[in-house]
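J.: Hey, dropping coords.txt in here, compact mmCIF, C-alpha atoms:
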```
# COMPACT_ATOMS: atom_id res chain seq x y z
CA MET J 738 -29.03 -27.81 8.48
CA THR J 739 -26.14 -28.33 6.10
CA THR J 740 -24.05 -25.83 4.14
CA PRO J 741 -25.69 -23.86 1.29
CA LEU J 742 -26.30 -25.60 -2.01
CA LEU J 743 -24.71 -22.75 -3.98
CA SER J 744 -22.54 -19.80 -2.92
CA LEU J 745 -20.88 -17.45 -5.36
CA THR J 746 -19.12 -14.09 -5.51
CA TRP J 747 -19.19 -11.89 -8.62
CA THR J 748 -16.93 -8.91 -9.32
CA ASP J 749 -18.18 -6.15 -11.61
CA HIS J 750 -15.65 -5.46 -14.36
CA VAL J 751 -16.67 -1.78 -14.56
CA THR J 752 -16.71 -0.62 -10.93
CA GLY J 753 -14.93 -3.40 -9.06
CA HIS J 754 -17.92 -3.76 -6.72
CA GLN J 755 -18.83 -7.27 -5.67
CA GLY J 756 -22.15 -9.05 -5.71
CA PHE J 757 -23.19 -12.31 -4.10
CA LEU J 758 -25.73 -15.08 -4.55
CA VAL J 759 -26.41 -17.84 -2.06
CA VAL J 760 -28.95 -20.58 -2.72
CA ASP J 761 -29.47 -22.28 0.61
CA ARG J 762 -31.98 -24.92 -0.49
CA LEU J 763 -34.24 -25.81 -3.39
CA VAL J 764 -37.75 -27.17 -3.10
CA ARG J 765 -39.16 -28.51 -6.38
CA GLY J 766 -36.06 -27.00 -7.95
CA VAL J 767 -36.75 -23.39 -6.93
CA ALA J 768 -35.63 -21.02 -4.18
CA SER J 769 -37.01 -17.64 -3.10
CA GLY J 770 -35.22 -14.61 -1.70
CA GLY J 771 -34.79 -10.90 -2.37
CA LEU J 772 -31.87 -8.87 -3.64
CA ARG J 773 -30.37 -6.16 -1.46
CA MET J 774 -27.89 -3.38 -2.19
CA ARG J 775 -25.95 -1.70 0.56
CA PRO J 776 -22.38 -0.56 1.14
CA GLY J 777 -20.50 -3.21 3.08
CA CYS J 778 -22.70 -6.14 2.06
CA THR J 779 -20.78 -9.41 2.46
CA LEU J 780 -21.05 -13.04 1.45
CA ASP J 781 -21.50 -14.04 5.10
CA GLU J 782 -24.42 -11.64 5.40
CA VAL J 783 -26.09 -13.01 2.28
CA THR J 784 -25.51 -16.56 3.50
CA GLY J 785 -27.33 -15.80 6.74
CA LEU J 786 -30.17 -14.15 4.87
CA ALA J 787 -30.52 -17.14 2.54
CA ARG J 788 -30.79 -19.49 5.50
CA GLY J 789 -33.42 -17.17 6.94
CA MET J 790 -35.41 -17.43 3.71
CA THR J 791 -35.39 -21.23 3.95
CA MET J 792 -36.89 -20.86 7.41
CA LYS J 793 -39.49 -18.28 6.34
CA GLU J 794 -40.67 -20.51 3.52
CA ALA J 795 -40.92 -23.56 5.76
CA LEU J 796 -42.73 -21.70 8.53
CA HIS J 797 -45.57 -20.80 6.17
CA TYR J 798 -46.14 -24.35 4.99
CA ASP J 799 -49.85 -25.20 4.97
CA PRO J 800 -50.77 -28.58 3.46
CA GLU J 801 -54.21 -27.21 2.58
CA ALA J 802 -52.91 -24.18 0.68
CA ARG J 803 -52.14 -23.81 -3.01
CA TYR J 804 -48.91 -22.01 -2.10
CA ILE J 805 -46.23 -24.61 -1.67
CA PRO J 806 -43.09 -23.29 0.06
CA LEU J 807 -39.94 -22.90 -1.99
CA GLY J 808 -36.33 -23.16 -0.90
CA GLY J 809 -34.37 -20.19 0.42
CA ALA J 810 -31.91 -17.92 -1.38
CA LYS J 811 -30.61 -14.35 -1.27
CA GLY J 812 -28.68 -11.92 -3.40
CA GLY J 813 -26.59 -8.95 -2.33
CA ILE J 814 -24.54 -6.17 -3.91
CA ASP J 815 -21.87 -4.21 -2.07
CA CYS J 816 -22.73 -0.67 -3.20
CA ASP J 817 -24.53 2.41 -1.94
CA PRO J 818 -27.89 2.47 -3.78
CA ARG J 819 -27.57 6.26 -3.97
CA ASP J 820 -24.37 5.95 -6.01
CA PRO J 821 -24.92 7.20 -9.59
CA ALA J 822 -23.32 3.99 -10.82
CA ALA J 823 -25.67 1.77 -8.80
CA TYR J 824 -28.31 1.14 -11.46
CA GLY J 825 -25.82 0.09 -14.12
CA LEU J 826 -24.19 -2.19 -11.55
CA LEU J 827 -27.59 -3.72 -10.78
CA VAL J 828 -28.23 -4.45 -14.45
CA ARG J 829 -24.82 -6.07 -14.91
CA TYR J 830 -25.31 -8.15 -11.76
CA LEU J 831 -28.65 -9.45 -13.04
CA ARG J 832 -27.11 -10.22 -16.42
CA ALA J 833 -24.46 -12.28 -14.66
CA MET J 834 -27.09 -14.03 -12.53
CA ARG J 835 -29.48 -14.56 -15.43
CA PRO J 836 -28.99 -18.36 -15.63
CA TYR J 837 -29.98 -18.68 -11.97
CA VAL J 838 -32.94 -16.28 -12.17
CA GLU J 839 -34.21 -18.16 -15.21
CA SER J 840 -33.82 -21.60 -13.67
CA CYS J 841 -33.99 -21.60 -9.87
CA TRP J 842 -33.84 -18.22 -8.07
CA THR J 843 -36.93 -16.04 -7.68
CA THR J 844 -36.04 -12.60 -6.36
CA GLY J 845 -37.40 -9.12 -5.73
CA GLU J 846 -36.87 -5.98 -3.71
CA ASP J 847 -34.94 -5.88 -0.46
CA LEU J 848 -32.91 -3.32 1.43
CA GLY J 849 -31.82 -0.48 -0.86
CA LEU J 850 -33.84 -1.60 -3.90
CA SER J 851 -37.48 -1.07 -4.84
CA GLN J 852 -39.47 -3.62 -6.80
CA ASP J 853 -39.93 -1.14 -9.64
CA LEU J 854 -36.17 -0.76 -9.90
CA VAL J 855 -35.57 -4.50 -9.81
CA ASP J 856 -38.22 -5.04 -12.49
CA ARG J 857 -36.73 -2.35 -14.74
CA ALA J 858 -33.19 -3.69 -14.34
CA ALA J 859 -34.37 -7.29 -14.89
CA ALA J 860 -35.99 -6.31 -18.17
CA GLU J 861 -32.84 -4.51 -19.28
CA ALA J 862 -30.82 -7.60 -18.36
CA GLY J 863 -32.97 -9.67 -20.71
CA LEU J 864 -35.10 -11.44 -18.11
CA VAL J 865 -38.81 -12.16 -18.48
CA SER J 866 -39.35 -11.50 -14.79
CA SER J 867 -37.41 -11.60 -11.54
CA ILE J 868 -39.63 -14.51 -10.45
CA GLN J 869 -39.79 -16.43 -13.72
CA ALA J 870 -38.21 -19.55 -12.22
CA VAL J 871 -41.44 -20.27 -10.37
CA TYR J 872 -43.67 -20.06 -13.46
CA PRO J 873 -43.33 -23.77 -14.39
CA LEU J 874 -44.83 -24.65 -10.99
CA LEU J 875 -48.06 -22.73 -11.67
CA ASP J 876 -51.24 -24.45 -12.82
CA ASP J 877 -52.25 -21.49 -15.00
CA GLU J 878 -49.30 -19.17 -15.56
CA ALA J 879 -51.17 -16.46 -17.46
CA THR J 880 -53.93 -16.17 -14.86
CA ALA J 881 -51.46 -16.25 -11.97
CA ARG J 882 -49.24 -13.56 -13.46
CA ARG J 883 -52.24 -11.36 -14.18
CA ARG J 884 -53.50 -11.80 -10.62
CA LEU J 885 -50.14 -10.75 -9.15
CA ALA J 886 -49.91 -7.78 -11.54
CA ASP J 887 -53.41 -6.71 -10.50
CA ALA J 888 -52.41 -6.99 -6.85
CA PHE J 889 -49.38 -4.78 -7.42
CA ALA J 890 -51.68 -2.18 -8.98
CA VAL J 891 -53.88 -2.00 -5.86
CA GLU J 892 -53.39 1.11 -3.70
CA VAL J 893 -54.62 1.80 -0.18
CA ASP J 894 -54.60 5.45 0.86
CA GLY J 895 -52.17 6.20 -1.94
CA VAL J 896 -49.72 3.41 -1.03
CA GLY J 897 -49.27 0.23 -3.04
CA LEU J 898 -50.53 -3.01 -1.51
CA ASP J 899 -47.11 -4.57 -2.09
CA GLU J 900 -45.56 -1.87 0.12
CA LEU J 901 -48.08 -2.50 2.91
CA ALA J 902 -48.16 -6.30 3.08
CA GLY J 903 -44.94 -6.73 5.07
CA GLY J 904 -45.74 -3.96 7.54
CA CYS J 905 -49.17 -5.47 8.13
CA GLY J 906 -47.43 -8.71 9.11
CA VAL J 907 -44.97 -6.97 11.42
CA ALA J 908 -47.74 -5.01 13.11
CA GLU J 909 -49.83 -8.14 13.60
CA SER J 910 -46.82 -9.83 15.20
CA VAL J 911 -46.64 -6.97 17.71
CA LEU J 912 -50.37 -7.13 18.41
CA ALA J 913 -50.31 -10.91 18.88
CA ALA J 914 -47.46 -10.62 21.39
CA LEU J 915 -49.30 -7.89 23.31
CA ASP J 916 -52.50 -9.93 23.36
CA LEU J 917 -50.72 -13.02 24.70
CA ALA J 918 -49.15 -10.88 27.43
CA GLY J 919 -52.45 -9.17 28.25
CA VAL J 920 -51.08 -5.72 27.45
CA PRO J 921 -53.60 -3.17 26.09
CA TYR J 922 -52.79 -1.36 22.87
CA ALA J 923 -53.71 2.05 24.23
CA GLY J 924 -50.74 3.49 26.11
CA THR J 925 -48.22 1.11 24.52
CA CYS J 926 -45.40 3.14 22.98
CA VAL J 927 -43.33 2.12 19.97
CA ALA J 928 -40.01 3.30 18.51
CA VAL J 929 -39.27 2.42 14.88
CA GLN J 930 -35.87 2.47 13.22
CA GLY J 931 -36.33 3.04 9.51
CA LEU J 932 -39.30 4.63 7.78
CA GLY J 933 -38.92 2.89 4.43
CA THR J 934 -41.35 0.35 3.03
CA MET J 935 -41.37 -2.00 6.01
CA GLY J 936 -40.93 0.50 8.84
CA GLY J 937 -43.37 3.00 7.39
CA ALA J 938 -46.14 0.47 6.88
CA THR J 939 -45.54 -1.00 10.34
CA ALA J 940 -45.82 2.44 11.95
CA ARG J 941 -49.05 3.11 10.06
CA PHE J 942 -50.72 -0.17 11.06
CA LEU J 943 -49.65 0.10 14.71
CA THR J 944 -50.89 3.67 14.98
CA ARG J 945 -54.23 2.69 13.48
CA ALA J 946 -54.47 -0.19 15.95
CA GLY J 947 -54.22 2.30 18.82
CA LEU J 948 -50.55 2.13 19.78
CA THR J 949 -48.47 5.30 20.08
CA VAL J 950 -45.43 5.66 17.84
CA VAL J 951 -43.18 7.99 19.83
CA ALA J 952 -40.03 7.82 17.70
CA VAL J 953 -38.83 7.09 14.19
CA ALA J 954 -35.20 7.02 13.16
CA ASP J 955 -33.78 7.61 9.70
CA ILE J 956 -30.37 8.46 8.25
CA LYS J 957 -30.60 12.02 9.63
CA GLY J 958 -31.39 11.05 13.22
CA THR J 959 -34.32 10.24 15.50
CA VAL J 960 -37.58 12.18 15.53
CA PHE J 961 -39.22 11.93 18.95
CA ASN J 962 -42.43 13.05 20.61
CA PRO J 963 -43.47 11.37 23.88
CA ALA J 964 -47.10 12.25 23.18
CA GLY J 965 -46.94 10.50 19.81
CA LEU J 966 -45.81 11.42 16.31
CA ASP J 967 -48.09 12.27 13.41
CA VAL J 968 -47.16 9.14 11.47
CA GLU J 969 -49.24 9.99 8.40
CA ALA J 970 -47.56 13.39 8.09
CA LEU J 971 -44.11 11.83 8.39
CA LEU J 972 -44.93 9.20 5.79
CA ALA J 973 -46.08 11.89 3.40
CA ALA J 974 -42.83 13.81 3.99
CA ARG J 975 -40.36 10.96 3.39
CA ASP J 976 -38.30 10.39 0.26
CA THR J 977 -37.83 7.09 -1.59
CA TYR J 978 -35.17 6.04 0.94
CA GLY J 979 -37.40 6.70 3.97
CA THR J 980 -35.71 9.97 4.99
CA VAL J 981 -38.16 12.45 6.52
CA ASP J 982 -38.20 16.10 5.47
CA ARG J 983 -37.69 17.89 8.78
CA SER J 984 -39.83 20.83 7.68
CA ALA J 985 -42.84 18.55 8.24
CA LEU J 986 -42.15 18.23 11.98
CA ARG J 987 -44.52 19.81 14.48
CA PRO J 988 -43.28 22.23 17.17
CA ALA J 989 -43.44 19.53 19.86
CA ASP J 990 -41.45 17.03 17.80
CA ARG J 991 -37.80 16.80 18.86
CA GLU J 992 -34.74 15.84 16.86
CA LEU J 993 -32.36 13.48 18.65
CA PRO J 994 -29.22 11.58 17.60
CA GLY J 995 -29.61 8.65 15.24
CA ASP J 996 -29.27 5.93 17.88
CA ALA J 997 -31.49 7.63 20.47
CA TRP J 998 -34.44 5.41 19.53
CA LEU J 999 -32.74 2.51 21.30
CA SER J 1000 -32.99 3.97 24.79
CA LEU J 1001 -36.31 5.81 24.69
CA ASP J 1002 -39.18 4.97 27.01
CA ALA J 1003 -41.06 2.60 24.71
CA GLU J 1004 -42.39 -0.89 25.32
CA VAL J 1005 -41.74 -2.02 21.74
CA LEU J 1006 -38.72 -1.40 19.51
CA VAL J 1007 -39.02 -2.17 15.81
CA PRO J 1008 -35.66 -2.21 14.00
CA ALA J 1009 -36.78 -1.98 10.38
CA ALA J 1010 -33.67 -0.71 8.60
CA VAL J 1011 -30.33 -2.51 8.46
CA SER J 1012 -28.74 -5.69 9.76
CA TYR J 1013 -26.46 -5.87 12.82
CA THR J 1014 -28.02 -2.82 14.51
CA ILE J 1015 -28.12 -4.05 18.11
CA ASP J 1016 -24.86 -5.37 19.54
CA THR J 1017 -23.48 -6.34 22.94
CA ARG J 1018 -22.68 -2.74 23.82
CA ASN J 1019 -25.75 -0.78 22.82
CA GLN J 1020 -28.16 -3.47 24.05
CA GLU J 1021 -27.45 -2.19 27.56
CA ARG J 1022 -29.35 0.99 26.74
CA ILE J 1023 -32.56 -0.76 25.73
CA ARG J 1024 -35.49 -0.41 28.14
CA ALA J 1025 -38.17 -1.95 25.94
CA ARG J 1026 -39.97 -5.19 26.73
CA TRP J 1027 -40.10 -6.41 23.13
CA ILE J 1028 -37.83 -6.06 20.11
CA VAL J 1029 -39.67 -6.97 16.94
CA GLU J 1030 -37.29 -7.65 14.04
CA ALA J 1031 -38.82 -6.07 10.95
CA ALA J 1032 -35.35 -5.89 9.38
CA ASN J 1033 -33.28 -8.96 8.61
CA MET J 1034 -30.77 -9.92 11.32
CA PRO J 1035 -30.82 -6.60 13.22
CA VAL J 1036 -29.91 -8.15 16.62
CA LEU J 1037 -26.59 -9.93 16.95
CA PRO J 1038 -26.84 -13.36 18.64
CA ALA J 1039 -24.65 -12.40 21.60
CA ALA J 1040 -26.74 -9.28 22.16
CA GLU J 1041 -29.93 -11.32 22.02
CA ALA J 1042 -28.64 -13.61 24.77
CA LEU J 1043 -27.89 -10.61 26.99
CA LEU J 1044 -31.29 -9.10 26.27
CA ALA J 1045 -33.03 -12.35 27.16
CA ALA J 1046 -31.19 -12.41 30.47
CA ARG J 1047 -32.68 -8.98 31.17
CA GLY J 1048 -36.20 -10.11 30.29
CA VAL J 1049 -36.35 -8.53 26.83
CA THR J 1050 -38.14 -10.70 24.27
CA VAL J 1051 -36.85 -10.65 20.69
CA LEU J 1052 -39.40 -11.71 18.09
CA PRO J 1053 -37.19 -13.07 15.28
CA ASP J 1054 -37.09 -11.77 11.72
CA VAL J 1055 -37.75 -15.17 10.17
CA VAL J 1056 -41.27 -14.94 11.55
CA VAL J 1057 -41.94 -11.23 11.90
CA ASN J 1058 -41.03 -9.99 8.42
CA SER J 1059 -42.08 -13.09 6.50
CA GLY J 1060 -45.42 -11.61 5.46
CA THR J 1061 -44.10 -9.88 2.34
CA ASN J 1062 -42.66 -13.03 0.83
CA ALA J 1063 -45.71 -15.08 1.76
CA TRP J 1064 -48.08 -12.47 0.30
CA TRP J 1065 -46.36 -12.72 -3.10
CA TRP J 1066 -46.84 -16.47 -3.21
CA TRP J 1067 -50.34 -16.54 -1.71
CA THR J 1068 -51.35 -14.18 -4.49
CA LEU J 1069 -49.45 -15.84 -7.33
CA PHE J 1070 -50.60 -19.37 -6.44
CA GLY J 1071 -54.19 -18.23 -5.90
CA ASP J 1072 -54.81 -18.54 -2.17
CA ILE J 1073 -55.90 -14.88 -2.20
CA GLY J 1074 -56.99 -12.47 -4.89
CA ALA J 1075 -55.88 -8.98 -5.86
CA ASP J 1076 -57.82 -7.34 -3.05
CA ALA J 1077 -56.43 -5.36 -0.12
CA ASP J 1078 -59.02 -6.43 2.47
CA GLU J 1079 -58.60 -10.09 1.56
CA ALA J 1080 -54.81 -9.76 1.64
CA PHE J 1081 -54.70 -8.01 5.01
CA ALA J 1082 -57.13 -10.50 6.55
CA HIS J 1083 -55.07 -13.45 5.32
CA ILE J 1084 -51.79 -11.89 6.47
CA ARG J 1085 -53.22 -11.14 9.91
CA ARG J 1086 -54.62 -14.65 10.40
CA SER J 1087 -51.42 -16.32 9.27
CA MET J 1088 -49.03 -14.09 11.18
CA ARG J 1089 -51.07 -14.21 14.38
CA ALA J 1090 -51.23 -18.01 14.25
CA LEU J 1091 -47.50 -18.22 13.61
CA VAL J 1092 -46.56 -15.83 16.45
CA GLU J 1093 -48.86 -17.66 18.84
CA GLN J 1094 -47.24 -20.99 17.89
CA LEU J 1095 -43.82 -19.43 18.31
CA LEU J 1096 -44.39 -17.94 21.75
CA THR J 1097 -46.33 -20.96 23.02
CA ARG J 1098 -43.50 -23.27 21.94
CA ALA J 1099 -40.90 -20.97 23.52
CA GLU J 1100 -42.72 -20.95 26.85
CA ALA J 1101 -43.45 -24.66 26.86
CA ASP J 1102 -39.86 -25.64 26.07
CA GLY J 1103 -38.19 -22.89 28.09
CA ILE J 1104 -36.35 -21.56 25.05
CA SER J 1105 -36.07 -18.27 23.20
CA PRO J 1106 -38.53 -17.35 20.44
CA ARG J 1107 -35.71 -17.71 17.91
CA ALA J 1108 -34.94 -21.22 19.14
CA ALA J 1109 -38.65 -21.95 18.97
CA ALA J 1110 -38.68 -20.78 15.34
CA HIS J 1111 -35.86 -23.21 14.57
CA ALA J 1112 -37.83 -25.97 16.31
CA LEU J 1113 -40.93 -25.22 14.24
CA VAL J 1114 -38.84 -25.28 11.06
CA ALA J 1115 -37.29 -28.59 12.10
CA ASP J 1116 -40.81 -30.02 12.45
CA ARG J 1117 -41.86 -28.83 9.00
CA LEU J 1118 -38.78 -29.55 6.87
CA PRO J 1119 -39.06 -33.36 6.88
CA VAL J 1120 -42.71 -33.07 5.85
CA ILE J 1121 -41.85 -30.72 2.99
CA ALA J 1122 -38.92 -32.90 1.92
CA ASP J 1123 -41.04 -36.04 1.97
CA ARG J 1124 -43.86 -34.49 -0.02
CA PHE J 1125 -42.08 -32.27 -2.51
CA GLY J 1126 -38.40 -33.14 -2.62
CA TRP J 1127 -35.64 -31.28 -0.83
CA TYR J 1128 -32.35 -30.60 -2.57
CA ARG J 1129 -29.35 -29.91 -0.36
```
As structure tokens, what does this structure read like?
T.:
Amino acid sequence: MTTPLLSLTWTDHVTGHQGFLVVDRLVRGVASGGLRMRPGCTLDEVTGLARGMTMKEALHYDPEARYIPLGGAKGGIDCDPRDPAAYGLLVRYLRAMRPYVESCWTTGEDLGLSQDLVDRAAAEAGLVSSIQAVYPLLDDEATARRRLADAFAVEVDGVGLDELAGGCGVAESVLAALDLAGVPYAGTCVAVQGLGTMGGATARFLTRAGLTVVAVADIKGTVFNPAGLDVEALLAARDTYGTVDRSALRPADRELPGDAWLSLDAEVLVPAAVSYTIDTRNQERIRARWIVEAANMPVLPAAEALLAARGVTVLPDVVVNSGTNAWWWWTLFGDIGADADEAFAHIRRSMRALVEQLLTRAEADGISPRAAAHALVADRLPVIADRFGWYR
């Protein structure tokens, strides 16, 4: 792949904080990718995330579907989302990026930002919607927008469908890997880093599938119980940032240091919080068989190579956490309706098929799952470019 189509850095005149936008590729003139806010966010980080979005879009290409993959993009703001000045900064960033959001960049929630917050800030910035650039590609814009709005209004056990879609995809990725390896769900232990939207939903789906979530980590530390945590109670006791109220813990639950989740006795680790979590030093502590990347870029490349040498399989983010993005477009373009059962069934079928392709390709070619993902993307990109136009 070549360099990004567009890369820019913006400096807020009020706070001095910087924001970034990278458009990696356009398909039919539009790119898709969320907007994150975290202290220390960099242009290099956003560039990597934008490239990942190009891959996620291409991986979900189905010539029979109404959803036609878009290009990849990403936005980022270097600020703590808990900062009192964060919301005003978000509004000013979106005002500055308004020409791109209106013409070519569809965006939404990512690390540090909820969709409600993005929608509110987008409206204040004078935008019709954070995804308005895709509207000209719709056959019936009014019906499509209503269908997506209806889907966002759906709740399952008190949680919005939009908050569950990504975790359903991550959980199905885990289950597909276990099935291919012949490992039963019962007795398989999982440690999850991050109990926000993605991590929380993943923990819920895995628990309901019969796996045992033995640890969850948040900003305060790791909560651990070798017999299994009460995931539903922890989810009910978390705040909007995924931090668990410790008064909800049971007597047998233990509080450990924040990085303890890495070295616990669990077959599956799910980093679902921040990027660059697992490096060449702390990878030595990992005893799990699988690392399933619910977060974007949580395992550094050098660490992944060392893990592979030790027999640890890393299921890459570009596959594992792609369900959220795909669910938006499946719903908007009309491949699925505003129904939770239909959405979960479609996510599970698609993610399972993708993980099976990934792991089968990796084994056949003797390469890592991440390399296999790149190979699958390389197969699809020329087809997409030939059919729909591909703008570098």
J.: Mind checking which residues fall within 12 Å of Val1056 (chain J), counting only C-alpha atoms, ignoring those fewer than 3 positions away in the same chain, and posting them as a count of residues only?
T.: 48
J.: Need to verify the contact set: region 764-770 of chain J, 7 Å, all atoms listed in the file, exclusion of same-chain residues closer than 2 positions in sequence. Can you return it as a PyMOL selection string?
T.: chain J and resi 760+762+772+787+790+807-811+841-844+870-871+1125-1128
J.: Which residues are near His754 (chain J)? Cut-off 9 Å, all atoms listed in the file, ignore same chain within fewer than 6 positions. Put them as a PyMOL selection string.
T.: chain J and resi 747-748+814-816+826
J.: Given the selection you just returned, output its residues as a file containing C-alpha atoms, formatted as a PDB file, keeping the file's coordinate frame.
T.:
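Produced file out_17.pdb, reproduced below:
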```
ATOM      1  CA  TRP J 747     -19.190 -11.890  -8.620  1.00  0.00           C
ATOM      2  CA  THR J 748     -16.930  -8.910  -9.320  1.00  0.00           C
ATOM      3  CA  ILE J 814     -24.540  -6.170  -3.910  1.00  0.00           C
ATOM      4  CA  ASP J 815     -21.870  -4.210  -2.070  1.00  0.00           C
ATOM      5  CA  CYS J 816     -22.730  -0.670  -3.200  1.00  0.00           C
ATOM      6  CA  LEU J 826     -24.190  -2.190 -11.550  1.00  0.00           C
TER       7      LEU J 826
END
```
J.: Would you list the residues near (-20.6, -15.6, -9.3) (no more than 12 Å away, in the coordinates of the file, using only C-alpha atoms) as a short mmCIF file (atom, residue, chain, number, x, y, z; two decimals) with C-alpha atoms, in the coordinates of the input?
T.:
```cif
data_model
loop_
_atom_site.label_atom_id
_atom_site.label_comp_id
_atom_site.auth_asym_id
_atom_site.auth_seq_id
_atom_site.Cartn_x
_atom_site.Cartn_y
_atom_site.Cartn_z
CA LEU J 743 -24.71 -22.75 -3.98
CA SER J 744 -22.54 -19.80 -2.92
CA LEU J 745 -20.88 -17.45 -5.36
CA THR J 746 -19.12 -14.09 -5.51
CA TRP J 747 -19.19 -11.89 -8.62
CA THR J 748 -16.93 -8.91 -9.32
CA ASP J 749 -18.18 -6.15 -11.61
CA GLN J 755 -18.83 -7.27 -5.67
CA GLY J 756 -22.15 -9.05 -5.71
CA PHE J 757 -23.19 -12.31 -4.10
CA LEU J 758 -25.73 -15.08 -4.55
CA VAL J 759 -26.41 -17.84 -2.06
CA VAL J 760 -28.95 -20.58 -2.72
CA LEU J 780 -21.05 -13.04 1.45
CA GLY J 812 -28.68 -11.92 -3.40
CA GLY J 813 -26.59 -8.95 -2.33
CA ILE J 814 -24.54 -6.17 -3.91
CA ARG J 829 -24.82 -6.07 -14.91
CA TYR J 830 -25.31 -8.15 -11.76
CA LEU J 831 -28.65 -9.45 -13.04
CA ARG J 832 -27.11 -10.22 -16.42
CA ALA J 833 -24.46 -12.28 -14.66
CA MET J 834 -27.09 -14.03 -12.53
CA ARG J 835 -29.48 -14.56 -15.43
CA PRO J 836 -28.99 -18.36 -15.63
CA TYR J 837 -29.98 -18.68 -11.97
#
```
J.: Up to 10 Å from (-29.4, -11.3, 17.6) in the file's coordinates: name the residues, counting only C-alpha atoms, as a PDB file with C-alpha atoms, keeping the file's coordinate frame.
T.:
```pdb
ATOM      1  CA  SER J1012     -28.740  -5.690   9.760  1.00  0.00           C
ATOM      2  CA  TYR J1013     -26.460  -5.870  12.820  1.00  0.00           C
ATOM      3  CA  THR J1014     -28.020  -2.820  14.510  1.00  0.00           C
ATOM      4  CA  ILE J1015     -28.120  -4.050  18.110  1.00  0.00           C
ATOM      5  CA  ASP J1016     -24.860  -5.370  19.540  1.00  0.00           C
ATOM      6  CA  THR J1017     -23.480  -6.340  22.940  1.00  0.00           C
ATOM      7  CA  GLU J1030     -37.290  -7.650  14.040  1.00  0.00           C
ATOM      8  CA  MET J1034     -30.770  -9.920  11.320  1.00  0.00           C
ATOM      9  CA  PRO J1035     -30.820  -6.600  13.220  1.00  0.00           C
ATOM     10  CA  VAL J1036     -29.910  -8.150  16.620  1.00  0.00           C
ATOM     11  CA  LEU J1037     -26.590  -9.930  16.950  1.00  0.00           C
ATOM     12  CA  PRO J1038     -26.840 -13.360  18.640  1.00  0.00           C
ATOM     13  CA  ALA J1039     -24.650 -12.400  21.600  1.00  0.00           C
ATOM     14  CA  ALA J1040     -26.740  -9.280  22.160  1.00  0.00           C
ATOM     15  CA  GLU J1041     -29.930 -11.320  22.020  1.00  0.00           C
ATOM     16  CA  ALA J1042     -28.640 -13.610  24.770  1.00  0.00           C
ATOM     17  CA  LEU J1043     -27.890 -10.610  26.990  1.00  0.00           C
ATOM     18  CA  LEU J1044     -31.290  -9.100  26.270  1.00  0.00           C
ATOM     19  CA  VAL J1051     -36.850 -10.650  20.690  1.00  0.00           C
ATOM     20  CA  PRO J1053     -37.190 -13.070  15.280  1.00  0.00           C
ATOM     21  CA  ASP J1054     -37.090 -11.770  11.720  1.00  0.00           C
ATOM     22  CA  ARG J1107     -35.710 -17.710  17.910  1.00  0.00           C
TER      23      ARG J1107
END
```
J.: Pick the closest to Val960 (chain J) from J:Arg983, J:Ala946, J:Arg975, J:Asp887: which is it, counting all atoms listed in the file?
T.: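 Under the stated criterion, the closest residue is J:Arg983.
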J.: With distances taken over all atoms listed in the file, which residue among J:Ala1122, J:Ala881, J:Val927, J:Val865 lies nearest Ile1073 (chain J)?
T.: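 Of the candidates, the smallest distance to Ile1073 (chain J) is held by J:Ala881.
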J.: Out of J:Ala928, J:Ala974, J:Ala940, J:Leu966, which residue has the shortest atom-to-atom distance to Leu999 (chain J) when counting all atoms listed in the file?
T.: J:Ala928
J.: In Å to one decimal, how far is CA of Val981 (chain J) from CA of Phe1081 (chain J)?
T.: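 These atoms are spaced 26.4 Å apart.
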J.: Fewer than 5 positions away in the same chain doesn't count, so skip those; otherwise give me all residues within 10 Å of Ala989 (chain J), counting all atoms listed in the file, as a ChimeraX atom specification.
T.: /J:961-966
J.: Save the residues we just selected, C-alpha atoms, as a compact mmCIF listing (two decimals), keeping the file's coordinate frame?
T.:
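Now in part_3.txt:
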```txt
# COMPACT_ATOMS: atom_id res chain seq x y z
CA PHE J 961 -39.22 11.93 18.95
CA ASN J 962 -42.43 13.05 20.61
CA PRO J 963 -43.47 11.37 23.88
CA ALA J 964 -47.10 12.25 23.18
CA GLY J 965 -46.94 10.50 19.81
CA LEU J 966 -45.81 11.42 16.31
```
J.: How many Å separate CA of Leu993 (chain J) from CA of Gln1020 (chain J)?
T.: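 If I compute the distance from CA of Leu993 (chain J) to CA of Gln1020 (chain J), I get 18.3 Å.
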J.: Tell me which of J:Ser984, J:Ser840, J:Thr784, J:Thr752 sits closest to Tyr872 (chain J), counting only C-alpha atoms.
T.: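 Of all the options, J:Ser840 lies closest to Tyr872 (chain J).
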J.: Kindly indicate which residue among J:Gly979, J:Val828, J:Val891, J:Pro821 lies nearest to Glu1079 (chain J), using all atoms listed in the file for the distances.
T.: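 Checking each of J:Gly979, J:Val828, J:Val891, J:Pro821 against Glu1079 (chain J), counting all atoms listed in the file, the winner is J:Val891.
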